[in-house]
file final-v3.cif (mmCIF, C-alpha atoms)
data_start
loop_
_atom_site.label_atom_id
_atom_site.label_comp_id
_atom_site.auth_asym_id
_atom_site.auth_seq_id
_atom_site.Cartn_x
_atom_site.Cartn_y
_atom_site.Cartn_z
CA MET A 1 193.40 120.99 -20.82
CA SER A 2 191.39 122.29 -17.87
CA PRO A 3 187.96 123.86 -18.37
CA SER A 4 187.73 127.63 -18.56
CA TRP A 5 186.19 129.73 -15.79
CA SER A 6 182.99 130.30 -17.79
CA GLU A 7 182.46 126.54 -18.33
CA VAL A 8 182.89 125.86 -14.63
CA SER A 9 180.60 128.74 -13.76
CA GLN A 10 177.84 127.51 -16.11
CA GLU A 11 178.10 123.96 -14.77
CA SER A 12 177.96 125.25 -11.22
CA LEU A 13 174.86 127.30 -12.04
CA LEU A 14 173.10 124.25 -13.51
CA LEU A 15 173.85 122.18 -10.42
CA HIS A 16 173.39 124.83 -7.73
CA GLY A 17 171.60 127.79 -9.32
CA PRO A 18 168.01 128.96 -8.70
CA PHE A 19 166.60 126.50 -11.26
CA ALA A 20 168.74 123.52 -10.29
CA ARG A 21 166.93 120.20 -10.19
CA LYS A 22 166.58 118.34 -6.95
CA PRO A 23 168.36 115.00 -6.88
CA LYS A 24 166.12 112.14 -7.97
CA ARG A 25 164.20 110.70 -5.04
CA ILE A 26 164.72 107.02 -4.25
CA ARG A 27 161.57 104.95 -4.79
CA THR A 28 159.95 103.78 -1.56
CA ALA A 29 159.78 100.01 -1.19
CA PHE A 30 156.81 99.34 1.09
CA SER A 31 156.94 96.21 3.22
CA PRO A 32 154.09 93.67 2.93
CA SER A 33 152.79 94.67 6.37
CA GLN A 34 152.83 98.37 5.42
CA LEU A 35 150.94 97.60 2.21
CA LEU A 36 148.37 95.56 4.11
CA ARG A 37 147.73 98.42 6.53
CA LEU A 38 147.59 100.98 3.72
CA GLU A 39 145.14 98.82 1.72
CA ARG A 40 142.92 98.37 4.79
CA ALA A 41 142.91 102.11 5.39
CA PHE A 42 142.04 102.66 1.71
CA GLU A 43 139.09 100.26 1.95
CA LYS A 44 137.66 102.36 4.79
CA ASN A 45 138.33 105.73 3.19
CA HIS A 46 139.91 106.68 -0.14
CA TYR A 47 141.14 109.97 1.31
CA VAL A 48 143.29 110.23 4.43
CA VAL A 49 144.13 113.72 5.72
CA GLY A 50 145.26 115.61 8.77
CA ALA A 51 145.66 113.79 12.06
CA GLU A 52 144.59 110.48 10.53
CA ARG A 53 147.38 110.66 7.93
CA LYS A 54 149.90 111.75 10.56
CA GLN A 55 148.94 108.83 12.84
CA LEU A 56 148.99 106.29 9.99
CA ALA A 57 152.39 107.52 8.78
CA SER A 58 153.82 107.39 12.28
CA SER A 59 152.50 103.88 12.97
CA LEU A 60 154.01 102.64 9.67
CA SER A 61 157.34 104.48 10.11
CA LEU A 62 156.69 106.46 6.93
CA SER A 63 156.56 110.17 6.23
CA GLU A 64 153.20 111.87 5.72
CA THR A 65 154.29 112.61 2.15
CA GLN A 66 154.87 108.90 1.47
CA VAL A 67 151.39 108.09 2.77
CA LYS A 68 149.85 110.95 0.79
CA VAL A 69 151.51 109.85 -2.46
CA TRP A 70 150.59 106.19 -1.84
CA PHE A 71 146.91 107.19 -1.51
CA GLN A 72 147.09 109.35 -4.66
CA ASN A 73 148.56 106.44 -6.61
CA ARG A 74 146.05 104.00 -5.13
CA ARG A 75 143.09 106.21 -6.12
CA THR A 76 144.45 106.35 -9.67
CA LYS A 77 144.76 102.55 -9.73
CA TYR A 78 141.21 102.21 -8.34
CA LYS A 79 139.75 104.49 -11.03
CA ARG A 80 141.63 102.63 -13.77
CA GLN A 81 140.35 99.29 -12.48
CA LYS A 82 136.77 100.59 -12.35
CA LEU A 83 137.01 101.70 -15.99
CA GLU A 84 138.46 98.33 -17.04
CA GLU A 85 135.64 96.49 -15.24
CA GLU A 86 133.02 98.54 -17.06
CA GLY A 87 134.48 97.58 -20.42
CA PRO A 88 135.76 99.56 -23.39
CA ASP A 89 132.31 100.53 -24.71
CA SER A 90 130.98 102.10 -21.52
CA ASP A 91 133.27 105.15 -21.70
CA GLN A 92 131.93 106.01 -25.15
CA LYS A 93 128.36 105.46 -23.99
CA LYS A 94 128.84 107.89 -21.11
CA LYS A 95 130.28 110.64 -23.29
CA GLY A 96 127.47 112.82 -24.58
CA SER A 97 124.64 110.67 -23.22
CA HIS A 98 123.37 113.59 -21.12
CA HIS A 99 123.00 115.60 -24.34
CA ILE A 100 120.82 112.88 -25.86
CA ASN A 101 118.70 112.68 -22.71
CA ARG A 102 118.22 116.46 -22.70
CA TRP A 103 117.28 116.31 -26.40
CA ARG A 104 114.72 113.57 -25.66
CA LEU A 105 113.17 115.68 -22.91
CA ALA A 106 113.09 118.79 -25.11
CA THR A 107 111.57 116.99 -28.11
CA LYS A 108 109.44 114.61 -26.02
CA GLN A 109 111.08 111.54 -27.61
CA SER A 110 110.69 108.23 -25.81
CA SER A 111 113.87 106.55 -24.65
CA GLY A 112 112.84 103.38 -26.48
CA GLU A 113 113.65 104.87 -29.86
CA ASP A 114 117.19 104.44 -31.12
CA ILE A 115 118.95 107.59 -32.19
CA ASP A 116 121.71 107.50 -34.78
CA VAL A 117 124.18 110.05 -33.46
CA THR A 118 126.80 109.18 -36.09
CA SER A 119 124.91 110.15 -39.24
CA ASN A 120 124.77 113.67 -40.65
CA ASP A 121 121.10 113.44 -41.61
#

call {"tool": "encode", "arguments": {"input": "final-v3.cif", "output": "structure tokens"}}
result
Amino acid sequence: MSPSWSEVSQESLLLHGPFARKPKRIRTAFSPSQLLRLERAFEKNHYVVGAERKQLASSLSLSETQVKVWFQNRRTKYKRQKLEEEGPDSDQKKKGSHHINRWRLATKQSSGEDIDVTSND
């Protein structure tokens, strides 16, 4: 039994209509030499824009979008590595510490005193 006109029409709308999804992009496999150049560029500057990005993309035979996305992903990796190096406790120490320091200034407390921020007293 062949599909009815309305079924074909709905399927066609899903594939070709105004809200149709783009086909899934193929993942870029960077060559070792491309990765080396990209990493070297990242060491110099974590952000590459404009003419510099255009020149880098051209010299690596990549699109500017591929270079842009590589740098975005590399910055994310860099931030994650920095957090892992600092250790699991440091993130908690950072959160709210400026409030404690402002409280110490306002109440003239010395920084040598320990403050129990977990109790309700």

call {"tool": "atom_distance", "arguments": {"input": "final-v3.cif", "atom1": "CA of Lys68 in chain A", "atom2": "CA of Leu36 in chain A"}}
result
15.8 Å

call {"tool": "atom_distance", "arguments": {"input": "final-v3.cif", "atom1": "CA of Thr28 in chain A", "atom2": "CA of Gln66 in chain A"}}
result
7.8 Å

call {"tool": "atom_distance", "arguments": {"input": "final-v3.cif", "atom1": "CA of Arg75 in chain A", "atom2": "CA of Arg37 in chain A"}}
result
15.6 Å

call {"tool": "residues_near_point", "arguments": {"input": "final-v3.cif", "point": "(157.7, 99.6, 4.3)", "cutoff": "12 Å", "atoms": "only C-alpha atoms", "output": "list in words"}}
result
Arg27, Thr28, Ala29, Phe30, Ser31, Pro32, Ser33, Gln34, Leu35, Leu36, Arg37, Leu38, Ala57, Ser58, Ser59, Leu60, Ser61, Leu62, Ser63, Gln66, Val67 and Trp70 of chain A

call {"tool": "residues_around", "arguments": {"input": "final-v3.cif", "residues": "Val48 in chain A", "least_positions_apart": "3", "cutoff": "8 Å", "atoms": "all atoms listed in the file", "output": "PyMOL selection string"}}
result
chain A and resi 45+52-53+68+71

call {"tool": "write_last_selection", "arguments": {"input": "final-v3.cif", "atoms": "C-alpha atoms", "output": "compact mmCIF listing (two decimals), in the coordinates of the input"}}
result
# COMPACT_ATOMS: atom_id res chain seq x y z
CA ASN A 45 138.33 105.73 3.19
CA GLU A 52 144.59 110.48 10.53
CA ARG A 53 147.38 110.66 7.93
CA LYS A 68 149.85 110.95 0.79
CA PHE A 71 146.91 107.19 -1.51

call {"tool": "closest_residue", "arguments": {"input": "final-v3.cif", "among": "A:Lys108, A:Ile26, A:Thr65, A:His46", "to": "Lys77 in chain A", "atoms": "only C-alpha atoms"}}
result
A:His46
